[in-house]
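A quick write-up on the structure given underneath.
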There are 4 protein chains.
Amino acid sequence: MLDAAVATFARRGYRAASMDEIAEVAGVSKPLVYLYLNSKEELFSAVIRRESAALVAAVRAAVEPGGAADRQLWSGLKGFFTYTAEHPDSWAVLHQQARTQGEPFVREVAAMRAGLTDFVTGLIAAAAREAGCDTELAEREVAGLAHALVGAAESLAEWANTATAGPATAPPSARETAATLMNFAWTGLGRLMVGDRWTPGEN
Amino acid sequence: MLDAAVATFARRGYRAASMDEIAEVAGVSKPLVYLYLNSKEELFSAVIRRESAALVAAVRAAVEPGGAADRQLWSGLKGFFTYTAEHPDSWAVLHQQARTQGEPFVREVAAMRAGLTDFVTGLIAAAAREAGCDTELAEREVAGLAHALVGAAESLAEWANTATAGPATAPPSARETAATLMNFAWTGLGRLMVGDRWTPGEN
Amino acid sequence: MLDAAVATFARRGYRAASMDEIAEVAGVSKPLVYLYLNSKEELFSAVIRRESAALVAAVRAAVEPGGAADRQLWSGLKGFFTYTAEHPDSWAVLHQQARTQGEPFVREVAAMRAGLTDFVTGLIAAAAREAGCDTELAEREVAGLAHALVGAAESLAEWANTATAGPATAPPSARETAATLMNFAWTGLGRLMVGDRWTPGEN
Amino acid sequence: MLDAAVATFARRGYRAASMDEIAEVAGVSKPLVYLYLNSKEELFSAVIRRESAALVAAVRAAVEPGGAADRQLWSGLKGFFTYTAEHPDSWAVLHQQARTQGEPFVREVAAMRAGLTDFVTGLIAAAAREAGCDTELAEREVAGLAHALVGAAESLAEWANTATAGPATAPPSARETAATLMNFAWTGLGRLMVGDRWTPGEN
DNA sequence: AATGAATGAGAATTCATTCAT
DNA sequence: AATGAATGAATTCTCATTCAT
């Protein structure tokens with residue numbers, strides 16, 4: 001039943017998905033949906049919670065614990081892109097729908113996102129320690145960097161899922177996507193920690 | 001009239017925004033809206049086209065032509081973040097609404113996005129040439145990198161707009177945000193071009 | 001089970017009371033309610049019949065048989081007001097709900113009411129005989145008088161039950177209410193029987 | 001449109017009347033009903049207010065001002081019974097539906113009823129003065145008497161309307177009904193004022 | 001003797017859209 | 001050039017009622 005809701009919300013969007021359609025996709029009657037999940041709002045919340053938990057669990061399970069920061073990030077990203085590739089509807093609901101449907105929902109998905117961002121923030125800090133970073137990175141800057149990285153990941157996930165456009169080319173694998181992002185981000189972060197930063201001139 | 005539509009779509013979302021409210025915000029009668037823009041769908045399309053064009057124009061105007069690749073990217077990013085900060089409704093419609101409302105609209109916004117991504121792709125290629133890059137970067141990889149950069153930018157733009165949560169801290173300025181992203185991305189890209197890439201082991 | 005129905009119908013009204021709530025108040029499952037009382041309609045009918053019978057029985061038990069007509073009316077009224085005060089839900093169902101829910105039910109409660117009205121009619125006739133009434137009262141007029149008396153009683157019963165508004169004043173006792181009505185009605189009826197009637201002029 | 005609502009509410013009751021049916025009876029579409037009267041609740045309130053006002057206006061117009069108390073009561077009652085006979089639906093909504101549908105509505109109709117009861121209370125007091133009443137009637141008792149009278153009137157009104165059962169006999173005219181009530185009540189009230197009251201023995 | 005699980009039918013309410021003017 | 005008035009078609013949600021066990 002939740003599966004049907006995920007599929008329908010992903011395909012139509014929260015507002016456009018009707019309880020009628022969800023019930024039909026689930027192969028049950030509408031009142032049954034209301035019996036278990038009391039309203040459209042609660043149903044959507046339940047969906048968000050379940051899919052958030054599944055995504056976080058997938059990432060957590062993928063991370064190789066105890067390794068170097070870059071290995072951890074790498075394995076986490078692979079887990080992330082694997083999950084988003086294998087559960088595109090789940091990802092579409094979390095990334096596209098939940099974030100755009102106002103208050104009860106944004107908060108729920110923001111909490112999950114904060115968990116991931118914190119994880120990345122921790123990794124960046126750990127990497128800084130590992131590198132014996134001399135320049136103390138401002139907390140806000142680290143948050144910004146973590147945000148940029150998570151945002152880039154989210155964006156790549158969506159891109160990988162949406163890039164069904166070119167029918168000839170297969171969508172990039174999770175491994176490829178993760179490698180692209182590591183290359184994009186990690187070397188730069190490494191240089192940053194040793195003080196090699198890009199600076200504009202006066203404007 | 002389009003302004004009213006932008007404001008309303010941003011505040012309510014495409015489905016939840018009613019033509020009644022749009023007409024009221026615009027200070028005209030509903031039939032007038034239908035006279036000029038024949039349906040809700042066309043109205044939304046018109047909004048997307050106008051806001052897309054405005055965003056692209058803002059970025060284009062900001063870019064310093066003929067300079068080095070990094071200067072061009074830097075100035076473009078400043079233009080981008082300036083626009084999104086000054087026109088949050090416009091950005092919300094493009095980034096949050098248009099992308100999540102299914103077919104007629106995703107295509108329109110995807111076209112605009114492709115324009116920006118192509119611009120970035122060109123810059124990365126130019127940078128590669130400037131660096132006398134020996135390793136030929138695969139076209140697909142460049143596309144992936146450009147996508148990651150654009151995605152990170154979008155994500156940061158949304159973050160900067162949404163981070164009104166902490167009432168103490170002012171939202172980061174467009175300049176700050178652009179600098180964060182340059183630091184995050186550009187050094188890494190530079191290293192990448194001289195062959196200094198991050199590679200996983202065997203998994 | 002019927003008790004639960006009485007309480008629920010009184011509180012919510014016939015239409016607003018749900019079988020779910022009735023079953024819950026009764027502490028049984030809904031199918032059990034359907035097993036014993038086959039539908040909401042039959043359930044309500046059964047309730048009306050039981051409460052009607054109880055009210056009539058209470059009045060009948062209260063009447064002192066064989067006494068003078070006024071004593072009989074007095075004792076009957078006391079019984080009536082005592083019952084309505086002690087069983088407000090029962091009275092609410094009979095007076096407010098059953099009478100307003102259309103055909104199957106109005107008939108049932110009308111039958112009970114007819115019983116009471118007939119009783120009063122008989123008393124008025126008896127009083128007329130006792131008074132050696134010379135003027136023959138038209139049957140229809142007697143019926144009208146009986147109806148007025150019963151209506152006044154009903155109205156006072158509701159008033160006594162509803163007058164919880166003034167928190168300082170206790171609701172009038174059954175005895176008080178009955179006395180008010182006797183004073184209101186009986187002396188007038190007595191005069192009427194000896195021909196002392198109120199007559200309008202020509203209009 | 002309000003007429004259609006009155007008819008439908010009277011026939012079906014508040015809950016059982018559907019907005020669909022009301023719209024159909026009114027010969028308009030359902031959204032139009034919602035355009036003018038925003039919800040079922042507001043529609044019912046509007047109906048109650050309009051019908052209350054009409055009833056009060058009818059009674060007020062009927063009362064011969066400046067006459068003796070009994071003439072005033074007589075003329076008022078005639079007006080009342082004339083109205084209820086000529087507008088049975090209006091009376092049914094006020095008397096049967098509004099009073100039994102819980103809070104927003106009972107208050108509205110109670111206000112109207114209080115107006116009528118006050119009028120009658122005033123008349124009884126005036127009659128007492130006219131009669132040079134020696135025994136001071138307790139205020140509460142007068143209220144009770146007024147309540148009994150109004151209740152009797154309401155009851156008779158309903159009876160007169162419902163007595164369509166006997167197809168042979170025509171329903172009593174407003175004049176007849178008013179006369180019955182005057183005979184029932186006024187002589188008794190008169191005696192009461194000169195101290196001729198009915199008293200029970202010791203129980 | 002009793003119920004957990006399920007549904008068909010219908011209720012209030014909203015909205016994109018269109019005429020007649 | 002502009003609108004007041006009106007509606008067909010959904011949408012969310014509820015409820016009396018029934019099986020299979």
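Residues in the structure tokens are numbered from 1 in each chain, the chains being A, B, ... in the order shown, and ligands are numbered from 1 in the order shown.
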At most 10 Å to chain C: residues in chain F, only C-alpha atoms (C1' of nucleotides), as a PyMOL selection string: chain F and resi 14-18
Expected file contents, prior selection, N, CA and C atoms (P, O5', C5', C4', C3', O3' and C1' of nucleotides), as a PDB file, in the first residue's frame:
```
ATOM      1  P    DT F  14     -12.823  11.525   7.599  1.00  0.00           P
ATOM      2  O5'  DT F  14     -14.322  10.999   7.582  1.00  0.00           O
ATOM      3  C5'  DT F  14     -15.294  11.796   6.950  1.00  0.00           C
ATOM      4  C4'  DT F  14     -16.625  11.079   6.966  1.00  0.00           C
ATOM      5  C3'  DT F  14     -16.796   9.990   8.032  1.00  0.00           C
ATOM      6  O3'  DT F  14     -18.107  10.121   8.539  1.00  0.00           O
ATOM      7  C1'  DT F  14     -17.172   9.079   5.884  1.00  0.00           C
ATOM      8  P    DC F  15     -18.535   9.377   9.819  1.00  0.00           P
ATOM      9  O5'  DC F  15     -19.684   8.393   9.306  1.00  0.00           O
ATOM     10  C5'  DC F  15     -20.343   8.697   8.088  1.00  0.00           C
ATOM     11  C4'  DC F  15     -21.238   7.540   7.706  1.00  0.00           C
ATOM     12  C3'  DC F  15     -21.373   6.449   8.775  1.00  0.00           C
ATOM     13  O3'  DC F  15     -22.666   5.919   8.712  1.00  0.00           O
ATOM     14  C1'  DC F  15     -20.438   5.540   6.825  1.00  0.00           C
ATOM     15  P    DA F  16     -23.331   5.244   9.962  1.00  0.00           P
ATOM     16  O5'  DA F  16     -24.210   4.108   9.270  1.00  0.00           O
ATOM     17  C5'  DA F  16     -25.170   4.496   8.312  1.00  0.00           C
ATOM     18  C4'  DA F  16     -25.371   3.400   7.284  1.00  0.00           C
ATOM     19  C3'  DA F  16     -25.876   2.081   7.847  1.00  0.00           C
ATOM     20  O3'  DA F  16     -26.815   1.541   6.928  1.00  0.00           O
ATOM     21  C1'  DA F  16     -23.757   1.756   6.823  1.00  0.00           C
ATOM     22  P    DT F  17     -27.557   0.211   7.367  1.00  0.00           P
ATOM     23  O5'  DT F  17     -26.578  -0.922   6.804  1.00  0.00           O
ATOM     24  C5'  DT F  17     -26.288  -0.906   5.414  1.00  0.00           C
ATOM     25  C4'  DT F  17     -25.208  -1.925   5.101  1.00  0.00           C
ATOM     26  C3'  DT F  17     -25.403  -3.325   5.686  1.00  0.00           C
ATOM     27  O3'  DT F  17     -25.636  -4.209   4.605  1.00  0.00           O
ATOM     28  C1'  DT F  17     -23.146  -2.640   5.764  1.00  0.00           C
ATOM     29  P    DT F  18     -26.052  -5.693   4.899  1.00  0.00           P
ATOM     30  O5'  DT F  18     -24.673  -6.475   4.658  1.00  0.00           O
ATOM     31  C5'  DT F  18     -24.233  -6.660   3.337  1.00  0.00           C
ATOM     32  C4'  DT F  18     -22.823  -7.210   3.359  1.00  0.00           C
ATOM     33  C3'  DT F  18     -22.704  -8.681   3.754  1.00  0.00           C
ATOM     34  O3'  DT F  18     -21.993  -9.340   2.731  1.00  0.00           O
ATOM     35  C1'  DT F  18     -21.108  -7.400   4.872  1.00  0.00           C
TER      36       DT F  18
END
```
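Near stretch 97-114 of chain A, within a cut-off of 9 Å and counting only C-alpha atoms (C1' of nucleotides), sit the residues Phe9, Ala10, Gly13, Tyr14, Arg15, Glu41, Phe44, Ser45, Ile48, Arg49, Ser52, Ala53, Leu55, Val56 and Val150 of chain A; Arg12, Gly13, Gln96, Gln97 and Thr100 of chain B, with same-chain residues fewer than 6 positions away left out.
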Helix (DSSP H, G or I) positions in chain B, given as a ChimeraX atom specification: /B:2-12,19-26,30-36,40-62,69-86,88-100,103-130,139-162,174-193
Any chance you could tabulate, as a Markdown table, the residues of chain C at most 8 Å from chain D with each one's nearest atom pair and distance in Å to one decimal, using only C-alpha atoms, in chain and rising number order?
```
| residue | atom | partner | partner_atom | distance |
| --- | --- | --- | --- | --- |
| C:Gly13 | CA | D:Gln101 | CA | 7.4 |
| C:Arg15 | CA | D:Arg15 | CA | 6.3 |
| C:Ala16 | CA | D:Arg15 | CA | 7.4 |
| C:Arg71 | CA | D:Pro200 | CA | 7.9 |
| C:Trp74 | CA | D:Pro200 | CA | 7.7 |
| C:Gln96 | CA | D:Thr100 | CA | 6.0 |
| C:Gln97 | CA | D:Thr100 | CA | 7.2 |
| C:Arg99 | CA | D:Gln96 | CA | 7.7 |
| C:Thr100 | CA | D:Gln96 | CA | 5.8 |
| C:Gln101 | CA | D:Gly13 | CA | 6.7 |
| C:Gly102 | CA | D:Arg12 | CA | 7.1 |
| C:Glu141 | CA | D:Thr180 | CA | 7.0 |
| C:Gly144 | CA | D:Thr180 | CA | 6.6 |
| C:Leu145 | CA | D:Phe184 | CA | 6.4 |
| C:His147 | CA | D:Leu156 | CA | 6.8 |
| C:Ala148 | CA | D:Ala152 | CA | 5.0 |
| C:Leu149 | CA | D:Ala152 | CA | 6.7 |
| C:Val150 | CA | D:Ala152 | CA | 7.8 |
| C:Gly151 | CA | D:Ser155 | CA | 4.8 |
| C:Ala152 | CA | D:Ala152 | CA | 4.2 |
| C:Ala153 | CA | D:Ala148 | CA | 7.3 |
| C:Glu154 | CA | D:Gly151 | CA | 7.6 |
| C:Ser155 | CA | D:Gly151 | CA | 4.8 |
| C:Leu156 | CA | D:Ala148 | CA | 6.0 |
| C:Trp159 | CA | D:His147 | CA | 7.9 |
| C:Thr177 | CA | D:Gly144 | CA | 8.0 |
| C:Ala179 | CA | D:Thr199 | CA | 7.5 |
| C:Thr180 | CA | D:Gly144 | CA | 6.8 |
| C:Leu181 | CA | D:Ala148 | CA | 7.1 |
| C:Met182 | CA | D:Trp198 | CA | 6.6 |
| C:Asn183 | CA | D:Trp198 | CA | 5.3 |
| C:Phe184 | CA | D:Gly188 | CA | 5.9 |
| C:Ala185 | CA | D:Gly188 | CA | 6.1 |
| C:Trp186 | CA | D:Gly188 | CA | 6.8 |
| C:Thr187 | CA | D:Gly188 | CA | 4.8 |
| C:Gly188 | CA | D:Gly188 | CA | 3.3 |
| C:Leu189 | CA | D:Phe184 | CA | 6.1 |
| C:Arg191 | CA | D:Thr187 | CA | 7.0 |
| C:Leu192 | CA | D:Asn183 | CA | 7.1 |
| C:Asp196 | CA | D:Thr187 | CA | 7.8 |
| C:Arg197 | CA | D:Asn183 | CA | 5.9 |
| C:Trp198 | CA | D:Asn183 | CA | 5.4 |
| C:Thr199 | CA | D:Ala179 | CA | 7.5 |
| C:Pro200 | CA | D:Trp74 | CA | 7.7 |
```
Store the residues picked out above, limited to C-alpha atoms, as an mmCIF file, in the first residue's frame.
```cif
data_model
loop_
_atom_site.group_PDB
_atom_site.id
_atom_site.type_symbol
_atom_site.label_atom_id
_atom_site.label_comp_id
_atom_site.auth_asym_id
_atom_site.auth_seq_id
_atom_site.Cartn_x
_atom_site.Cartn_y
_atom_site.Cartn_z
ATOM 1 C CA GLY C 13 -28.550 12.972 16.794
ATOM 2 C CA ARG C 15 -27.763 10.945 11.476
ATOM 3 C CA ALA C 16 -24.575 12.053 13.154
ATOM 4 C CA ARG C 71 -55.339 14.179 41.437
ATOM 5 C CA TRP C 74 -51.254 15.800 39.043
ATOM 6 C CA GLN C 96 -35.868 15.786 19.749
ATOM 7 C CA GLN C 97 -34.621 12.995 17.551
ATOM 8 C CA ARG C 99 -39.852 13.417 15.955
ATOM 9 C CA THR C 100 -37.512 14.980 13.449
ATOM 10 C CA GLN C 101 -36.187 12.021 11.466
ATOM 11 C CA GLY C 102 -39.007 11.364 9.083
ATOM 12 C CA GLU C 141 -62.099 21.048 21.316
ATOM 13 C CA GLY C 144 -57.187 20.437 21.206
ATOM 14 C CA LEU C 145 -57.083 21.129 24.912
ATOM 15 C CA HIS C 147 -52.952 18.489 22.944
ATOM 16 C CA ALA C 148 -52.162 21.873 24.371
ATOM 17 C CA LEU C 149 -51.661 20.367 27.786
ATOM 18 C CA VAL C 150 -49.403 17.604 26.535
ATOM 19 C CA GLY C 151 -47.475 20.079 24.420
ATOM 20 C CA ALA C 152 -47.028 22.384 27.351
ATOM 21 C CA ALA C 153 -45.783 19.468 29.417
ATOM 22 C CA GLU C 154 -43.301 18.442 26.778
ATOM 23 C CA SER C 155 -42.068 21.941 26.417
ATOM 24 C CA LEU C 156 -41.634 22.343 30.148
ATOM 25 C CA TRP C 159 -37.027 23.538 29.413
ATOM 26 C CA THR C 177 -42.742 21.907 37.210
ATOM 27 C CA ALA C 179 -47.314 22.458 39.967
ATOM 28 C CA THR C 180 -46.605 25.225 37.488
ATOM 29 C CA LEU C 181 -48.418 23.348 34.803
ATOM 30 C CA MET C 182 -51.391 22.468 37.021
ATOM 31 C CA ASN C 183 -51.761 26.087 37.968
ATOM 32 C CA PHE C 184 -51.436 27.141 34.395
ATOM 33 C CA ALA C 185 -53.911 24.669 33.043
ATOM 34 C CA TRP C 186 -56.284 23.245 35.544
ATOM 35 C CA THR C 187 -58.005 26.256 36.918
ATOM 36 C CA GLY C 188 -58.601 27.446 33.405
ATOM 37 C CA LEU C 189 -60.002 24.095 32.390
ATOM 38 C CA ARG C 191 -63.705 27.529 34.562
ATOM 39 C CA LEU C 192 -64.087 26.419 31.002
ATOM 40 C CA ASP C 196 -66.605 30.641 31.615
ATOM 41 C CA ARG C 197 -64.830 30.869 28.356
ATOM 42 C CA TRP C 198 -62.685 33.482 26.769
ATOM 43 C CA THR C 199 -64.178 34.822 23.594
ATOM 44 C CA PRO C 200 -62.734 37.157 21.075
#
```
Stretch 7-10 of chain F environment, 9 Å, only C-alpha atoms (C1' of nucleotides), sequence neighbours closer than 6 positions dropped, as a ChimeraX atom specification: /D:29-32 /E:14-15,17-18
Those residues you just picked out, can you put them in a file as a PDB file, in the first residue's frame with C-alpha atoms (C1' of nucleotides)?
```pdb
ATOM      1  CA  SER D  29     -25.690  24.204  -9.801  1.00  0.00           C
ATOM      2  CA  LYS D  30     -24.040  23.226  -6.567  1.00  0.00           C
ATOM      3  CA  PRO D  31     -21.032  25.540  -6.916  1.00  0.00           C
ATOM      4  CA  LEU D  32     -23.409  28.441  -7.166  1.00  0.00           C
TER       5      LEU D  32
ATOM      6  C1'  DT E  14     -12.981  23.200  -4.755  1.00  0.00           C
ATOM      7  C1'  DC E  15     -11.330  24.544  -9.243  1.00  0.00           C
ATOM      8  C1'  DT E  17     -12.958  27.032 -17.384  1.00  0.00           C
ATOM      9  C1'  DT E  18     -16.679  29.483 -20.116  1.00  0.00           C
TER      10       DT E  18
END
```
Distance query B:Glu21 at most 9 Å, only C-alpha atoms (C1' of nucleotides), self and fewer than 2 positions along chain excluded, as an MDAnalysis selection string: chainID B and resid 4:5 8 17:19 23:26 30
Output file for the residues above (N, CA and C atoms, as a tab-separated table (two decimals), in the first residue's frame):
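again-v4.tsv, written as the output of this step:
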```tsv
chain	number	residue	atom	x	y	z
B	4	ALA	N	2.34	38.27	-10.82
B	4	ALA	CA	1.43	37.70	-9.84
B	4	ALA	C	1.49	36.18	-9.88
B	5	ALA	N	1.55	35.64	-11.10
B	5	ALA	CA	1.61	34.19	-11.23
B	5	ALA	C	2.88	33.65	-10.61
B	8	THR	N	2.54	33.70	-6.86
B	8	THR	CA	1.59	32.73	-6.34
B	8	THR	C	2.10	31.30	-6.52
B	17	ALA	N	-1.87	26.54	-6.33
B	17	ALA	CA	-2.19	27.90	-6.72
B	17	ALA	C	-3.46	27.90	-7.55
B	18	SER	N	-4.40	28.69	-7.16
B	18	SER	CA	-5.65	28.72	-7.93
B	18	SER	C	-5.66	29.94	-8.85
B	19	MET	N	-6.31	29.77	-9.96
B	19	MET	CA	-6.42	30.88	-10.90
B	19	MET	C	-7.11	32.06	-10.23
B	23	ALA	N	-5.43	35.72	-10.19
B	23	ALA	CA	-6.13	36.89	-10.72
B	23	ALA	C	-6.25	37.97	-9.66
B	24	GLU	N	-6.56	37.55	-8.44
B	24	GLU	CA	-6.72	38.53	-7.37
B	24	GLU	C	-5.40	39.24	-7.10
B	25	VAL	N	-4.32	38.47	-7.00
B	25	VAL	CA	-3.02	39.08	-6.75
B	25	VAL	C	-2.66	40.04	-7.89
B	26	ALA	N	-3.03	39.65	-9.10
B	26	ALA	CA	-2.71	40.51	-10.24
B	26	ALA	C	-3.61	41.74	-10.29
B	30	LYS	N	-10.55	37.12	-13.46
B	30	LYS	CA	-10.08	35.84	-13.95
B	30	LYS	C	-10.21	35.70	-15.46
```
Check: which chain E residues lie within 12 Å of chain C using only C-alpha atoms (C1' of nucleotides), as a PyMOL selection string: chain E and resi 1-5
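Our summary of the geometry notes that atom CA of B:Ser90 is positioned 6.0 Å from atom CA of B:Glu51.
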For A:Ala69: contacts at 12 Å, only C-alpha atoms (C1' of nucleotides), fewer than 6 positions along chain excluded, given as a ChimeraX atom specification: /A:63,75-76,119-131,182,186,189-190
Selected residues written out, N, CA, C and O atoms, as a JSON list (two decimals), in the first residue's frame:
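Output below, filename again19.json:
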```
[["chain", "number", "residue", "atom", "x", "y", "z"],
["A", 63, "VAL", "N", 28.68, 2.34, 4.06],
["A", 63, "VAL", "CA", 29.92, 2.97, 4.53],
["A", 63, "VAL", "C", 30.84, 1.93, 5.18],
["A", 63, "VAL", "O", 30.40, 1.14, 6.02],
["A", 75, "SER", "N", 32.64, 5.02, -0.24],
["A", 75, "SER", "CA", 31.69, 3.91, -0.06],
["A", 75, "SER", "C", 30.29, 4.43, 0.21],
["A", 75, "SER", "O", 29.30, 3.88, -0.28],
["A", 76, "GLY", "N", 30.20, 5.52, 0.98],
["A", 76, "GLY", "CA", 28.88, 6.09, 1.24],
["A", 76, "GLY", "C", 28.23, 6.58, -0.04],
["A", 76, "GLY", "O", 27.04, 6.34, -0.28],
["A", 119, "PHE", "N", 27.01, 13.85, 8.47],
["A", 119, "PHE", "CA", 27.97, 12.77, 8.20],
["A", 119, "PHE", "C", 29.11, 13.30, 7.33],
["A", 119, "PHE", "O", 30.29, 13.12, 7.63],
["A", 120, "VAL", "N", 28.74, 13.99, 6.27],
["A", 120, "VAL", "CA", 29.75, 14.54, 5.37],
["A", 120, "VAL", "C", 30.60, 15.59, 6.08],
["A", 120, "VAL", "O", 31.83, 15.62, 5.95],
["A", 121, "THR", "N", 29.95, 16.44, 6.84],
["A", 121, "THR", "CA", 30.71, 17.44, 7.59],
["A", 121, "THR", "C", 31.76, 16.78, 8.46],
["A", 121, "THR", "O", 32.93, 17.20, 8.50],
["A", 122, "GLY", "N", 31.35, 15.71, 9.14],
["A", 122, "GLY", "CA", 32.30, 14.98, 9.98],
["A", 122, "GLY", "C", 33.47, 14.45, 9.17],
["A", 122, "GLY", "O", 34.63, 14.55, 9.59],
["A", 123, "LEU", "N", 33.16, 13.95, 7.99],
["A", 123, "LEU", "CA", 34.24, 13.41, 7.16],
["A", 123, "LEU", "C", 35.21, 14.48, 6.72],
["A", 123, "LEU", "O", 36.43, 14.28, 6.71],
["A", 124, "ILE", "N", 34.67, 15.63, 6.36],
["A", 124, "ILE", "CA", 35.56, 16.71, 5.94],
["A", 124, "ILE", "C", 36.47, 17.13, 7.10],
["A", 124, "ILE", "O", 37.69, 17.30, 6.95],
["A", 125, "ALA", "N", 35.87, 17.24, 8.27],
["A", 125, "ALA", "CA", 36.67, 17.59, 9.45],
["A", 125, "ALA", "C", 37.74, 16.53, 9.71],
["A", 125, "ALA", "O", 38.91, 16.84, 9.98],
["A", 126, "ALA", "N", 37.33, 15.26, 9.60],
["A", 126, "ALA", "CA", 38.29, 14.17, 9.82],
["A", 126, "ALA", "C", 39.43, 14.26, 8.81],
["A", 126, "ALA", "O", 40.61, 14.13, 9.17],
["A", 127, "ALA", "N", 39.06, 14.51, 7.56],
["A", 127, "ALA", "CA", 40.09, 14.63, 6.53],
["A", 127, "ALA", "C", 41.04, 15.77, 6.87],
["A", 127, "ALA", "O", 42.26, 15.68, 6.69],
["A", 128, "ALA", "N", 40.47, 16.85, 7.37],
["A", 128, "ALA", "CA", 41.31, 17.99, 7.74],
["A", 128, "ALA", "C", 42.30, 17.56, 8.82],
["A", 128, "ALA", "O", 43.49, 17.88, 8.74],
["A", 129, "ARG", "N", 41.84, 16.84, 9.82],
["A", 129, "ARG", "CA", 42.75, 16.36, 10.86],
["A", 129, "ARG", "C", 43.80, 15.44, 10.28],
["A", 129, "ARG", "O", 44.99, 15.58, 10.55],
["A", 130, "GLU", "N", 43.35, 14.50, 9.46],
["A", 130, "GLU", "CA", 44.30, 13.57, 8.85],
["A", 130, "GLU", "C", 45.39, 14.32, 8.10],
["A", 130, "GLU", "O", 46.57, 13.95, 8.15],
["A", 131, "ALA", "N", 45.00, 15.37, 7.40],
["A", 131, "ALA", "CA", 45.98, 16.11, 6.62],
["A", 131, "ALA", "C", 46.84, 17.02, 7.48],
["A", 131, "ALA", "O", 47.69, 17.74, 6.96],
["A", 182, "MET", "N", 33.70, 12.09, -6.61],
["A", 182, "MET", "CA", 34.93, 12.08, -5.82],
["A", 182, "MET", "C", 36.01, 12.90, -6.53],
["A", 182, "MET", "O", 36.71, 13.71, -5.92],
["A", 186, "TRP", "N", 36.88, 15.74, -4.16],
["A", 186, "TRP", "CA", 37.81, 15.40, -3.11],
["A", 186, "TRP", "C", 39.20, 16.02, -3.28],
["A", 186, "TRP", "O", 39.79, 16.52, -2.33],
["A", 189, "LEU", "N", 38.98, 19.51, -2.24],
["A", 189, "LEU", "CA", 38.91, 19.64, -0.79],
["A", 189, "LEU", "C", 40.29, 19.44, -0.17],
["A", 189, "LEU", "O", 40.70, 20.13, 0.76],
["A", 190, "GLY", "N", 41.02, 18.44, -0.73],
["A", 190, "GLY", "CA", 42.36, 18.16, -0.20],
["A", 190, "GLY", "C", 43.26, 19.39, -0.34],
["A", 190, "GLY", "O", 43.91, 19.83, 0.61]]
```
